[in-house]
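Peer 1: Sharing run06.pdb, PDB, C-alpha atoms and all ligand atoms:
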ATOM      1  CA  MET R   3     -11.220 -27.909  63.308
ATOM      2  CA  PRO R   4     -10.066 -25.711  60.481
ATOM      3  CA  GLU R   5     -11.029 -28.057  57.696
ATOM      4  CA  ALA R   6      -8.171 -26.244  56.044
ATOM      5  CA  ALA R   7      -9.383 -24.237  53.118
ATOM      6  CA  ASP R   8      -8.827 -26.114  49.904
ATOM      7  CA  SER R   9      -5.086 -26.056  49.810
ATOM      8  CA  ALA R  10      -5.283 -27.502  46.328
ATOM      9  CA  LEU R  11      -6.770 -24.265  45.091
ATOM     10  CA  GLU R  12      -3.697 -22.356  46.146
ATOM     11  CA  GLN R  13      -1.207 -24.435  44.284
ATOM     12  CA  PRO R  14      -1.561 -23.456  40.657
ATOM     13  CA  SER R  15      -0.143 -19.939  40.678
ATOM     14  CA  PRO R  16       3.310 -20.481  42.209
ATOM     15  CA  SER R  17       4.043 -23.702  40.330
ATOM     16  CA  ALA R  18       2.844 -22.230  37.045
ATOM     17  CA  GLU R  19       5.339 -19.395  37.493
ATOM     18  CA  SER R  20       8.309 -21.696  37.787
ATOM     19  CA  ALA R  21       7.472 -23.853  34.754
ATOM     20  CA  PRO R  22       8.696 -21.820  31.736
ATOM     21  CA  ALA R  23      12.409 -22.596  32.104
ATOM     22  CA  ALA R  24      12.205 -25.911  30.293
ATOM     23  CA  ARG R  25       9.533 -24.859  27.839
ATOM     24  CA  ASP R  26      11.608 -23.584  24.954
ATOM     25  CA  GLU R  27      12.375 -27.022  23.605
ATOM     26  CA  LEU R  28       8.775 -28.086  23.932
ATOM     27  CA  VAL R  29       7.264 -25.308  21.861
ATOM     28  CA  PRO R  30       5.010 -27.106  19.381
ATOM     29  CA  PRO R  31       5.628 -26.522  15.687
ATOM     30  CA  ARG R  32       3.262 -24.002  14.117
ATOM     31  CA  VAL R  33       1.604 -24.695  10.804
ATOM     32  CA  LEU R  34      -0.283 -22.229   8.653
ATOM     33  CA  LEU R  35      -3.082 -23.856   6.686
ATOM     34  CA  VAL R  36      -4.345 -21.856   3.713
ATOM     35  CA  GLU R  37      -7.472 -23.551   2.414
ATOM     36  CA  ASP R  38     -10.906 -22.257   1.487
ATOM     37  CA  GLU R  39     -12.943 -25.424   1.973
ATOM     38  CA  PRO R  40     -14.101 -25.459   5.594
ATOM     39  CA  GLY R  41     -14.462 -29.252   5.574
ATOM     40  CA  ILE R  42     -10.815 -29.711   4.631
ATOM     41  CA  VAL R  43      -9.743 -27.061   7.130
ATOM     42  CA  ASP R  44     -11.472 -28.952   9.952
ATOM     43  CA  PHE R  45     -10.125 -32.303   8.836
ATOM     44  CA  VAL R  46      -6.520 -31.132   8.454
ATOM     45  CA  ARG R  47      -6.624 -29.015  11.592
ATOM     46  CA  ARG R  48      -7.823 -31.928  13.686
ATOM     47  CA  GLY R  49      -5.183 -34.236  12.281
ATOM     48  CA  LEU R  50      -2.298 -31.847  12.814
ATOM     49  CA  GLU R  51      -3.453 -30.805  16.273
ATOM     50  CA  ALA R  52      -3.801 -34.427  17.323
ATOM     51  CA  ASP R  53      -0.176 -34.839  16.336
ATOM     52  CA  GLY R  54       0.959 -31.911  18.484
ATOM     53  CA  PHE R  55       0.998 -29.049  15.985
ATOM     54  CA  VAL R  56      -0.474 -25.628  16.538
ATOM     55  CA  VAL R  57      -2.584 -24.770  13.491
ATOM     56  CA  GLU R  58      -3.746 -21.425  12.236
ATOM     57  CA  ALA R  59      -6.055 -21.381   9.219
ATOM     58  CA  ALA R  60      -6.592 -18.736   6.544
ATOM     59  CA  LEU R  61      -9.661 -19.179   4.382
ATOM     60  CA  ASP R  62      -8.607 -17.011   1.452
ATOM     61  CA  GLY R  63      -5.462 -16.178  -0.460
ATOM     62  CA  VAL R  64      -5.057 -12.618   0.785
ATOM     63  CA  ALA R  65      -5.155 -13.544   4.469
ATOM     64  CA  GLY R  66      -3.038 -16.599   3.714
ATOM     65  CA  GLU R  67      -0.291 -14.572   2.108
ATOM     66  CA  ARG R  68      -0.324 -11.967   4.856
ATOM     67  CA  LEU R  69       0.012 -14.636   7.549
ATOM     68  CA  ALA R  70       2.619 -16.616   5.640
ATOM     69  CA  LEU R  71       4.838 -13.550   5.355
ATOM     70  CA  GLY R  72       4.168 -11.956   8.710
ATOM     71  CA  GLY R  73       3.369 -14.832  11.048
ATOM     72  CA  ASP R  74       5.761 -17.041  12.909
ATOM     73  CA  PHE R  75       5.190 -20.428  11.286
ATOM     74  CA  ASP R  76       7.389 -23.462  10.800
ATOM     75  CA  ALA R  77       5.554 -24.745   7.713
ATOM     76  CA  VAL R  78       2.717 -23.836   5.371
ATOM     77  CA  VAL R  79       0.097 -26.183   3.936
ATOM     78  CA  LEU R  80      -1.255 -24.388   0.904
ATOM     79  CA  ASP R  81      -4.235 -25.016  -1.331
ATOM     80  CA  LEU R  82      -3.777 -23.790  -4.908
ATOM     81  CA  MET R  83      -7.295 -22.710  -5.894
ATOM     82  CA  LEU R  84      -8.094 -19.918  -3.484
ATOM     83  CA  PRO R  85     -10.264 -16.826  -3.549
ATOM     84  CA  GLY R  86      -8.378 -13.543  -3.386
ATOM     85  CA  ARG R  87      -4.938 -14.693  -4.426
ATOM     86  CA  SER R  88      -3.832 -17.939  -5.998
ATOM     87  CA  GLY R  89      -1.771 -20.483  -4.158
ATOM     88  CA  LEU R  90       0.940 -20.294  -6.809
ATOM     89  CA  ASP R  91       1.284 -16.527  -6.345
ATOM     90  CA  ILE R  92       1.522 -17.018  -2.606
ATOM     91  CA  LEU R  93       4.084 -19.749  -3.132
ATOM     92  CA  GLU R  94       6.239 -17.439  -5.197
ATOM     93  CA  THR R  95       6.132 -14.625  -2.651
ATOM     94  CA  VAL R  96       6.880 -16.934   0.262
ATOM     95  CA  ARG R  97       9.731 -18.534  -1.670
ATOM     96  CA  SER R  98      11.535 -15.257  -2.126
ATOM     97  CA  ALA R  99      10.800 -13.843   1.330
ATOM     98  CA  LYS R 100      11.343 -17.011   3.367
ATOM     99  CA  PRO R 101      13.393 -19.444   1.285
ATOM    100  CA  SER R 102      13.768 -22.070   3.996
ATOM    101  CA  MET R 103      10.072 -22.282   4.907
ATOM    102  CA  PRO R 104       8.647 -25.630   3.787
ATOM    103  CA  VAL R 105       5.465 -25.226   1.756
ATOM    104  CA  ILE R 106       3.360 -28.308   1.113
ATOM    105  CA  VAL R 107       0.801 -27.815  -1.611
ATOM    106  CA  LEU R 108      -2.669 -29.343  -1.720
ATOM    107  CA  THR R 109      -4.117 -29.656  -5.199
ATOM    108  CA  ALA R 110      -7.217 -31.023  -6.785
ATOM    109  CA  ARG R 111      -6.601 -33.775  -9.306
ATOM    110  CA  GLY R 112      -6.029 -32.160 -12.681
ATOM    111  CA  GLU R 113      -4.520 -28.958 -11.377
ATOM    112  CA  ILE R 114      -1.226 -30.622 -10.903
ATOM    113  CA  GLU R 115      -0.390 -31.364 -14.555
ATOM    114  CA  ASP R 116      -0.594 -27.735 -15.614
ATOM    115  CA  ARG R 117       1.360 -26.560 -12.726
ATOM    116  CA  VAL R 118       4.201 -28.956 -12.274
ATOM    117  CA  ALA R 119       6.742 -26.382 -13.348
ATOM    118  CA  GLY R 120       5.460 -23.852 -10.868
ATOM    119  CA  LEU R 121       5.396 -26.380  -8.113
ATOM    120  CA  ASN R 122       8.867 -27.565  -8.872
ATOM    121  CA  ALA R 123      10.020 -24.027  -8.490
ATOM    122  CA  GLY R 124       8.669 -23.581  -5.032
ATOM    123  CA  ALA R 125       6.877 -26.281  -3.116
ATOM    124  CA  VAL R 126       8.796 -28.890  -1.169
ATOM    125  CA  ASP R 127       5.986 -31.345  -1.612
ATOM    126  CA  TYR R 128       2.427 -31.738  -2.807
ATOM    127  CA  LEU R 129      -0.549 -33.913  -2.081
ATOM    128  CA  VAL R 130      -3.412 -34.528  -4.468
ATOM    129  CA  LYS R 131      -6.927 -34.342  -3.026
ATOM    130  CA  PRO R 132      -8.373 -36.491  -1.644
ATOM    131  CA  PHE R 133      -5.285 -37.223   0.427
ATOM    132  CA  SER R 134      -4.711 -39.254   3.538
ATOM    133  CA  LEU R 135      -4.424 -37.250   6.700
ATOM    134  CA  ALA R 136      -1.777 -39.587   8.078
ATOM    135  CA  GLU R 137       0.302 -38.962   5.001
ATOM    136  CA  LEU R 138      -0.040 -35.200   5.245
ATOM    137  CA  VAL R 139       0.985 -35.227   8.912
ATOM    138  CA  ALA R 140       3.943 -37.495   8.173
ATOM    139  CA  ARG R 141       5.140 -35.252   5.351
ATOM    140  CA  VAL R 142       4.852 -32.078   7.395
ATOM    141  CA  ARG R 143       6.930 -33.774  10.121
ATOM    142  CA  ALA R 144       9.505 -34.954   7.630
ATOM    143  CA  HIS R 145       9.975 -31.502   6.105
ATOM    144  CA  LEU R 146      10.306 -29.889   9.519
ATOM    145  CA  ARG R 147      13.063 -32.366  10.360
ATOM    146  CA  VAL R 148      14.957 -31.383   7.220
ATOM    147  CA  VAL R 149      14.744 -27.711   8.173
ATOM    148  CA  GLU R 150      15.892 -28.440  11.731
ATOM    149  CA  GLN R 151      18.880 -30.439  10.561
ATOM    150  CA  ALA R 152      19.863 -27.768   8.073
ATOM    151  CA  SER R 153      19.776 -25.005  10.648
ATOM    152  CA  ALA R 154      21.597 -27.078  13.263
ATOM    153  CA  SER R 155      24.378 -27.819  10.806
ATOM    154  CA  ASN R 156      24.996 -24.217   9.718
ATOM    155  CA  LEU R 157      27.331 -21.844  11.494
ATOM    156  CA  ARG R 158      27.343 -18.151  10.654
ATOM    157  CA  GLY R 159      29.360 -15.133  11.595
ATOM    158  CA  GLU R 160      29.683 -11.821   9.761
ATOM    159  CA  ASP R 161      28.991 -12.786   6.147
ATOM    160  CA  ILE R 162      30.676 -16.168   6.507
ATOM    161  CA  GLU R 163      28.704 -19.387   6.596
ATOM    162  CA  VAL R 164      29.808 -22.993   6.916
ATOM    163  CA  ASN R 165      27.796 -26.172   6.711
ATOM    164  CA  LEU R 166      29.094 -28.839   9.052
ATOM    165  CA  LEU R 167      27.444 -31.679   7.145
ATOM    166  CA  THR R 168      28.549 -30.800   3.641
ATOM    167  CA  ARG R 169      31.727 -29.101   4.941
ATOM    168  CA  LYS R 170      31.216 -26.252   2.503
ATOM    169  CA  ALA R 171      32.108 -22.682   3.284
ATOM    170  CA  HIS R 172      30.762 -19.461   1.793
ATOM    171  CA  ARG R 173      31.577 -15.832   2.236
ATOM    172  CA  GLY R 174      28.925 -13.361   1.057
ATOM    173  CA  GLY R 175      27.362 -16.221  -0.895
ATOM    174  CA  ARG R 176      30.638 -16.969  -2.710
ATOM    175  CA  PRO R 177      31.914 -20.527  -2.256
ATOM    176  CA  VAL R 178      35.329 -20.803  -0.652
ATOM    177  CA  THR R 179      37.382 -23.982  -0.981
ATOM    178  CA  LEU R 180      39.213 -24.871   2.208
ATOM    179  CA  SER R 181      41.553 -27.640   3.297
ATOM    180  CA  THR R 182      40.485 -29.797   6.235
ATOM    181  CA  THR R 183      42.608 -27.843   8.696
ATOM    182  CA  GLU R 184      41.501 -24.484   7.338
ATOM    183  CA  PHE R 185      37.896 -25.613   7.661
ATOM    184  CA  GLU R 186      38.377 -26.720  11.279
ATOM    185  CA  LEU R 187      40.075 -23.453  12.109
ATOM    186  CA  LEU R 188      37.227 -21.458  10.589
ATOM    187  CA  VAL R 189      34.636 -23.525  12.477
ATOM    188  CA  TYR R 190      36.462 -22.865  15.736
ATOM    189  CA  LEU R 191      36.632 -19.124  15.054
ATOM    190  CA  LEU R 192      32.934 -19.032  14.114
ATOM    191  CA  ARG R 193      31.924 -20.927  17.240
ATOM    192  CA  HIS R 194      33.680 -18.227  19.246
ATOM    193  CA  HIS R 195      32.540 -15.356  17.087
ATOM    194  CA  GLY R 196      33.606 -12.029  18.604
ATOM    195  CA  GLN R 197      35.853 -13.592  21.263
ATOM    196  CA  VAL R 198      39.581 -13.130  21.497
ATOM    197  CA  LEU R 199      41.285 -16.523  21.220
ATOM    198  CA  SER R 200      44.873 -17.130  22.178
ATOM    199  CA  ARG R 201      47.215 -19.056  19.897
ATOM    200  CA  GLU R 202      47.345 -21.788  22.560
ATOM    201  CA  GLN R 203      43.546 -22.114  22.628
ATOM    202  CA  ILE R 204      43.403 -22.325  18.859
ATOM    203  CA  LEU R 205      46.260 -24.809  18.729
ATOM    204  CA  SER R 206      44.759 -27.241  21.200
ATOM    205  CA  ALA R 207      41.240 -26.923  19.756
ATOM    206  CA  VAL R 208      42.164 -27.321  16.099
ATOM    207  CA  TRP R 209      45.382 -29.329  16.149
ATOM    208  CA  GLY R 210      44.440 -31.147  19.316
ATOM    209  CA  TYR R 211      47.843 -31.853  20.803
ATOM    210  CA  GLU R 212      50.709 -30.122  22.499
ATOM    211  CA  HIS R 213      52.796 -28.223  20.054
ATOM    212  CA  ASP R 214      56.139 -26.617  20.461
ATOM    213  CA  PRO R 215      55.012 -23.278  21.918
ATOM    214  CA  ALA R 216      57.255 -21.579  19.427
ATOM    215  CA  THR R 217      55.322 -22.977  16.476
ATOM    216  CA  ASN R 218      53.814 -20.463  14.123
ATOM    217  CA  VAL R 219      51.338 -22.914  12.623
ATOM    218  CA  VAL R 220      48.339 -20.901  13.856
ATOM    219  CA  ASP R 221      49.615 -17.726  12.245
ATOM    220  CA  VAL R 222      50.356 -19.565   9.045
ATOM    221  CA  TYR R 223      46.858 -21.047   8.830
ATOM    222  CA  VAL R 224      45.151 -17.799   9.784
ATOM    223  CA  GLY R 225      47.085 -16.320   6.876
ATOM    224  CA  TYR R 226      45.761 -19.034   4.522
ATOM    225  CA  LEU R 227      42.203 -18.448   5.729
ATOM    226  CA  ARG R 228      42.441 -14.707   5.332
ATOM    227  CA  ARG R 229      43.706 -15.106   1.818
ATOM    228  CA  LYS R 230      40.901 -17.473   0.833
ATOM    229  CA  LEU R 231      38.102 -15.569   2.540
ATOM    230  CA  GLY R 232      39.304 -12.101   1.650
ATOM    231  CA  GLN R 233      38.914 -10.057  -1.499
ATOM    232  CA  PRO R 234      41.257  -7.244  -2.562
ATOM    233  CA  ASP R 235      38.756  -4.626  -1.420
ATOM    234  CA  ASP R 236      37.180  -6.654   1.371
ATOM    235  CA  PRO R 237      39.598  -8.341   3.754
ATOM    236  CA  ALA R 238      38.465 -11.330   5.827
ATOM    237  CA  PRO R 239      37.047 -10.272   9.211
ATOM    238  CA  ILE R 240      39.730 -12.133  11.165
ATOM    239  CA  PHE R 241      41.589  -9.680  13.343
ATOM    240  CA  THR R 242      44.945  -9.927  15.034
ATOM    241  CA  VAL R 243      44.810  -9.097  18.715
ATOM    242  CA  ARG R 244      48.308  -7.991  19.483
ATOM    243  CA  SER R 245      50.339 -10.293  21.741
ATOM    244  CA  VAL R 246      47.296 -12.507  22.358
ATOM    245  CA  GLY R 247      45.900 -14.143  19.263
ATOM    246  CA  TYR R 248      42.953 -13.708  16.952
ATOM    247  CA  ARG R 249      39.307 -12.853  16.819
ATOM    248  CA  LEU R 250      36.693 -13.338  14.122
ATOM    249  CA  GLY R 251      34.333 -10.407  13.784
ATOM    250  CA  SER R 252      33.239  -7.574  16.063
ATOM    251  CA  THR R 253      35.742  -4.812  15.394
ATOM    252  CA  SER R 254      34.678  -2.708  18.370
TER     253      SER R 254
HETATM  254 CA    CA R 301      -9.627 -24.466  -2.964
END
Translate the structure of the given file into structure tokens.
Ligand code: CA
Peer 2:
Amino acid sequence: MPEAADSALEQPSPSAESAPAARDELVPPRVLLVEDEPGIVDFVRRGLEADGFVVEAALDGVAGERLALGGDFDAVVLDLMLPGRSGLDILETVRSAKPSMPVIVLTARGEIEDRVAGLNAGAVDYLVKPFSLAELVARVRAHLRVVEQASASNLRGEDIEVNLLTRKAHRGGRPVTLSTTEFELLVYLLRHHGQVLSREQILSAVWGYEHDPATNVVDVYVGYLRRKLGQPDDPAPIFTVRSVGYRLGSTS
């Protein structure tokens, strides 16, 4: 009888191929740990890995800075006293290159007093050694959540940005004050960045009910938005698509 060759051995390759579809949302957060004491590296690495993080460690300031700037990390845990380049210098560079990256500083007792001003300028948090691993892990998690919420609540298109939580709008970094309806209209246009939207689509999405088809309310509000977002030498990137409607962005 063909004691059929281990069929189990044949399984892995085809099923492994079909797995990646759902993986994107499961990608573990990546943390860069910059710390020159191997004992602390091991301790922190084990704690973070046990909690589902992927950890890469740099044992000196030069490698730490290079990885912080070039690597694809979600957070940095940074010691201050490092060979090669100080933690505060690294903090400053990371702050200007990657302003939204959370940096959690590890300091020895005594370092902190001298450096409060520097820390205030750049670190989201700090822990004084010896610290509790559970606390470090919890803080890293908490700061990652803040970053996630902030990016989920921002919409961008061209040089326009709105925050759906604070309901603030900016163009080219300049704050723009909008009425509720203007804000909703801008959000709708940003969500469909580059698409041509008919007046009817805009009406039902923003005003939410059947209007007299002859109403010019969409045109009126697009006019308000253009005026508020535009500058004399830099008109708002909201284009009229003749006999159809409007489009935000993408002139081609
Ligand atoms: Ca150190």
Peer 1: Ligand CA 301 (chain R): which residues are within 7 Å, counting all atoms listed in the file? Reply as a PyMOL selection string.
Peer 2: chain R and resi 37-39+81-84
Peer 1: What's the separation between CA of Leu71 in chain R and CA of Thr95 in chain R, in Å to one decimal place?
Peer 2: 8.2 Å
Peer 1: Find the spatial neighbours of Gly196 in chain R, counting all atoms listed in the file, within a cut-off of 9 Å - ignore same-chain residues fewer than 2 positions away - and output them as a list in words.
Peer 2: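 Near Gly196 in chain R, the qualifying residues are Gly159, Leu191, Leu192, His194, Val198, Arg249, Leu250, Gly251, Ser252 and Thr253 of chain R.
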Peer 1: In Å, with one decimal, what is the gap from CA of Phe241 in chain R to CA of Leu199 in chain R?
Peer 2: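 Computed distance, CA of Phe241 in chain R to CA of Leu199 in chain R, equals 10.4 Å.
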Peer 1: Here is a test: counting only C-alpha atoms, which residue of R:Glu137, R:Thr183, R:Gly232, R:Pro237 is nearest to Val219 in chain R?
Peer 2: R:Thr183
Peer 1: Just checking: using all atoms listed in the file, which residue out of R:Gly210, R:Pro31, R:Pro177, R:Gly66 ends up closest to Lys230 in chain R?
Peer 2: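 Smallest distance to Lys230 in chain R is found for R:Pro177.
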Peer 1: Between R:Ile106, R:Leu138, R:Leu80, R:Leu69, single out the one closest to Val46 in chain R, counting all atoms listed in the file.
Peer 2: R:Leu138
Peer 1: Between R:Leu157, R:Val243, R:Ile42, R:Ala77, which one has atoms that come closest to Phe133 in chain R, using all atoms listed in the file?
Peer 2: R:Ile42
Peer 1: My structure is short of atoms at range 63-74 of chain R; please model N, CA, C and O atoms there, returning them as a PDB file, keeping the file's coordinate frame.
Peer 2:
ATOM      1  N   GLY R  63      -6.853 -16.376  -0.064  1.00  0.00           N
ATOM      2  CA  GLY R  63      -5.462 -16.178  -0.460  1.00  0.00           C
ATOM      3  C   GLY R  63      -4.830 -14.929   0.122  1.00  0.00           C
ATOM      4  O   GLY R  63      -3.632 -14.912   0.427  1.00  0.00           O
ATOM      5  N   VAL R  64      -5.616 -13.880   0.290  1.00  0.00           N
ATOM      6  CA  VAL R  64      -5.057 -12.618   0.785  1.00  0.00           C
ATOM      7  C   VAL R  64      -4.605 -12.779   2.245  1.00  0.00           C
ATOM      8  O   VAL R  64      -3.468 -12.455   2.603  1.00  0.00           O
ATOM      9  N   ALA R  65      -5.514 -13.315   3.056  1.00  0.00           N
ATOM     10  CA  ALA R  65      -5.155 -13.544   4.469  1.00  0.00           C
ATOM     11  C   ALA R  65      -4.023 -14.558   4.557  1.00  0.00           C
ATOM     12  O   ALA R  65      -3.111 -14.420   5.374  1.00  0.00           O
ATOM     13  N   GLY R  66      -4.070 -15.562   3.696  1.00  0.00           N
ATOM     14  CA  GLY R  66      -3.038 -16.599   3.714  1.00  0.00           C
ATOM     15  C   GLY R  66      -1.667 -16.017   3.439  1.00  0.00           C
ATOM     16  O   GLY R  66      -0.698 -16.330   4.128  1.00  0.00           O
ATOM     17  N   GLU R  67      -1.587 -15.148   2.447  1.00  0.00           N
ATOM     18  CA  GLU R  67      -0.291 -14.572   2.108  1.00  0.00           C
ATOM     19  C   GLU R  67       0.212 -13.660   3.235  1.00  0.00           C
ATOM     20  O   GLU R  67       1.388 -13.696   3.599  1.00  0.00           O
ATOM     21  N   ARG R  68      -0.713 -12.882   3.777  1.00  0.00           N
ATOM     22  CA  ARG R  68      -0.324 -11.967   4.856  1.00  0.00           C
ATOM     23  C   ARG R  68       0.236 -12.767   6.044  1.00  0.00           C
ATOM     24  O   ARG R  68       1.292 -12.440   6.588  1.00  0.00           O
ATOM     25  N   LEU R  69      -0.439 -13.830   6.408  1.00  0.00           N
ATOM     26  CA  LEU R  69       0.012 -14.636   7.549  1.00  0.00           C
ATOM     27  C   LEU R  69       1.313 -15.370   7.233  1.00  0.00           C
ATOM     28  O   LEU R  69       2.202 -15.472   8.080  1.00  0.00           O
ATOM     29  N   ALA R  70       1.406 -15.860   6.009  1.00  0.00           N
ATOM     30  CA  ALA R  70       2.619 -16.616   5.640  1.00  0.00           C
ATOM     31  C   ALA R  70       3.849 -15.715   5.729  1.00  0.00           C
ATOM     32  O   ALA R  70       4.920 -16.149   6.141  1.00  0.00           O
ATOM     33  N   LEU R  71       3.692 -14.460   5.352  1.00  0.00           N
ATOM     34  CA  LEU R  71       4.838 -13.550   5.355  1.00  0.00           C
ATOM     35  C   LEU R  71       5.094 -12.961   6.734  1.00  0.00           C
ATOM     36  O   LEU R  71       6.231 -12.765   7.134  1.00  0.00           O
ATOM     37  N   GLY R  72       3.997 -12.681   7.458  1.00  0.00           N
ATOM     38  CA  GLY R  72       4.168 -11.956   8.710  1.00  0.00           C
ATOM     39  C   GLY R  72       4.160 -12.840   9.940  1.00  0.00           C
ATOM     40  O   GLY R  72       4.709 -12.475  10.972  1.00  0.00           O
ATOM     41  N   GLY R  73       3.526 -13.997   9.856  1.00  0.00           N
ATOM     42  CA  GLY R  73       3.369 -14.832  11.048  1.00  0.00           C
ATOM     43  C   GLY R  73       4.613 -15.652  11.328  1.00  0.00           C
ATOM     44  O   GLY R  73       5.526 -15.729  10.515  1.00  0.00           O
ATOM     45  N   ASP R  74       4.599 -16.259  12.493  1.00  0.00           N
ATOM     46  CA  ASP R  74       5.761 -17.041  12.909  1.00  0.00           C
ATOM     47  C   ASP R  74       5.415 -18.525  12.764  1.00  0.00           C
ATOM     48  O   ASP R  74       4.983 -19.167  13.714  1.00  0.00           O
TER      49      ASP R  74
END
